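Just below is one structure, and these are the notes that go with it.
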Amino acid sequence: MLLRFLRRLRFLDYLIIIIVILAGVILYKFFNPEEKWVNAAVAANEMPFFHAQSFAVSNIERDPNGKRIAEITDVQVFDTPKTVVANKDVFLRLKLLVRVNPRSGELEYKNKIIKVGSPIQLRFNTGQINGKVAELNEKGQEEKLETKILILVLYEQWPWLADSIKVSDGKKDESRKKIIEIVAKEVKPAEVTVRTDSGQTFIRTDPRKVDITLKVKIQVQKFGDELIFRQDERIAIGELISFNTDKTIVKDALIESIE
């Protein structure tokens with residue numbers, strides 16, 4: 001019977017059947033978009049200390065139906081050195097269950113398009129974070145770190161600051177990896193420019209202040225020709241860098257050289 005039925009169909013009938021099948025496939029894909037797990041990173045700045053400490057590896061976010069849609073794979077918490085309060089910068093690496101938009105091919109998380117720079121809200125079983133997507137990697141490539149040696153200069157500082165900076169002092173991340181370490185220090189009287197009434201300029205030393213030169217070993221990420229410290233701070237000659245160690249705070253040190 002099937003063969004008889006097919007023999008009676010005309011070309012137009014076959015065309016209609018094909019169109020109906022294709023329409024069904026398209027509608028199915030539209031209402032049931034492809035889902036896949038991707039690796040991502042989310043950054044949030046200046047979070048209160050107690051809030052930053054609420055995140056841990058294996059924390060999970062679930063949708064209203066209880067389905068797992070996000071899981072933290074790594075947590076990095078950094079001091080926010082330019083604030084007077086104990087704020088923290090938080091950087092999470094995680095797996096996200098995303099949907100592929102059937103029309104644009106873009107990735108969606110909780111019905112919103114996500115890409116690097118997009119805002120994102122995550123609700124884990126231990127706390128909520130409102131941050132920005134810092135990385136979005138569908139291939140699961142691992143982060144590559146490089147060690148660099150920086151020569152930093154702090155001009156016209158009080159001697160007590162120089163005394164508080166100790167060689168071998170540094171800072172570790174949440175996984176106990178040292179991300180910065182002071183390997184050498186030189187302190188000398190601060191040199192200042194003095195202008196006379198006649199318009200002449202001279203270099204003089206200021207007996208009250210000192211210039212501090214630090215040799216610092218630092219862990220950075222490399223993106224093309226750019227070096228990035230703490231996930232979002234550009235490292236380049238002539239730029240300023242601020243960081244905390246276990247014993248002191250270094251603010252606005254001039255990067256004189258990079259090795």
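Chain labels follow the order of the structure tokens: the first chain is A, the next B, and so on; residue numbering restarts at 1 in every chain, and ligands are counted from 1 in their shown order.
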
For the interface of range 72-97 of chain A with range 32-49 of chain A (cut-off 9 Å, counting only C-alpha atoms), please tabulate each contacting residue of range 72-97 of chain A alongside its nearest pair of atoms and their separation in Å to one decimal, rows sorted by chain and increasing number, as JSON lines.
```
{"residue": "A:Asp79", "atom": "CA", "partner": "A:Glu46", "partner_atom": "CA", "distance": 8.5}
{"residue": "A:Thr80", "atom": "CA", "partner": "A:Glu46", "partner_atom": "CA", "distance": 6.3}
{"residue": "A:Thr83", "atom": "CA", "partner": "A:Glu46", "partner_atom": "CA", "distance": 8.3}
{"residue": "A:Val85", "atom": "CA", "partner": "A:Pro48", "partner_atom": "CA", "distance": 8.5}
{"residue": "A:Ala86", "atom": "CA", "partner": "A:Phe49", "partner_atom": "CA", "distance": 6.0}
{"residue": "A:Asn87", "atom": "CA", "partner": "A:Pro48", "partner_atom": "CA", "distance": 4.9}
{"residue": "A:Lys88", "atom": "CA", "partner": "A:Glu46", "partner_atom": "CA", "distance": 5.0}
{"residue": "A:Asp89", "atom": "CA", "partner": "A:Asn45", "partner_atom": "CA", "distance": 4.3}
{"residue": "A:Val90", "atom": "CA", "partner": "A:Ala44", "partner_atom": "CA", "distance": 5.3}
{"residue": "A:Phe91", "atom": "CA", "partner": "A:Ala43", "partner_atom": "CA", "distance": 4.5}
{"residue": "A:Leu92", "atom": "CA", "partner": "A:Val42", "partner_atom": "CA", "distance": 5.2}
{"residue": "A:Arg93", "atom": "CA", "partner": "A:Ala41", "partner_atom": "CA", "distance": 4.4}
{"residue": "A:Leu94", "atom": "CA", "partner": "A:Ala40", "partner_atom": "CA", "distance": 5.5}
{"residue": "A:Lys95", "atom": "CA", "partner": "A:Asn39", "partner_atom": "CA", "distance": 4.7}
{"residue": "A:Leu96", "atom": "CA", "partner": "A:Val38", "partner_atom": "CA", "distance": 5.4}
{"residue": "A:Leu97", "atom": "CA", "partner": "A:Trp37", "partner_atom": "CA", "distance": 4.5}
```

Non-local contacts of Leu122 in chain A (10 Å; only C-alpha atoms; under 2 positions in same chain excluded) as number ranges by chain
A: 42, 60-62, 69-70, 110, 120, 124-125, 127-131

So, counting only C-alpha atoms, which residue among A:Ile212, A:Ile203, A:Ala56, A:Ile179 is closest to Pro159 in chain A?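 So, comparing all the options, the nearest one is A:Ile212.
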
Sel. of helix (DSSP H, G or I) residues, range 18-232 of chain A, as a list of chain:residue names:
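The residues of range 18-232 of chain A classed as helix (DSSP H, G or I) are A:Ile18, A:Ile19, A:Val20, A:Ile21, A:Leu22, A:Ala23, A:Gly24, A:Val25, A:Ile26, A:Leu27, A:Tyr28, A:Lys29, A:Phe30, A:Phe31, A:Phe49, A:Phe50, A:His51, A:Ala52, A:Pro159, A:Trp160, A:Leu161, A:Ala162, A:Asp163, A:Ser164.
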
Practice prompt. Select, from A:Lys209, A:Lys67, A:Lys185, A:Lys178, the residue with the minimum atom-to-atom distance to Glu156 in chain A, counting only C-alpha atoms.
Written response: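 When distances to Glu156 in chain A are compared using only C-alpha atoms, the smallest one comes from A:Lys209.
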
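Comparing the minimum interatomic distances between Tyr109 in chain A and each of A:Ser54, A:Gln76, A:Asn59, A:Gln121, counting only C-alpha atoms, we find that A:Gln121 sits nearest.
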
Between CA of Pro189 in chain A and CA of Lys251 in chain A lies a distance of 19.1 Å

>> I need the residue nearest Ala134 in chain A from this list: A:Lys171, A:Arg230, A:Arg195, A:Lys247. Use only C-alpha atoms for the distance.
In response: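 For Ala134 in chain A, the nearest of the given residues is A:Arg230.
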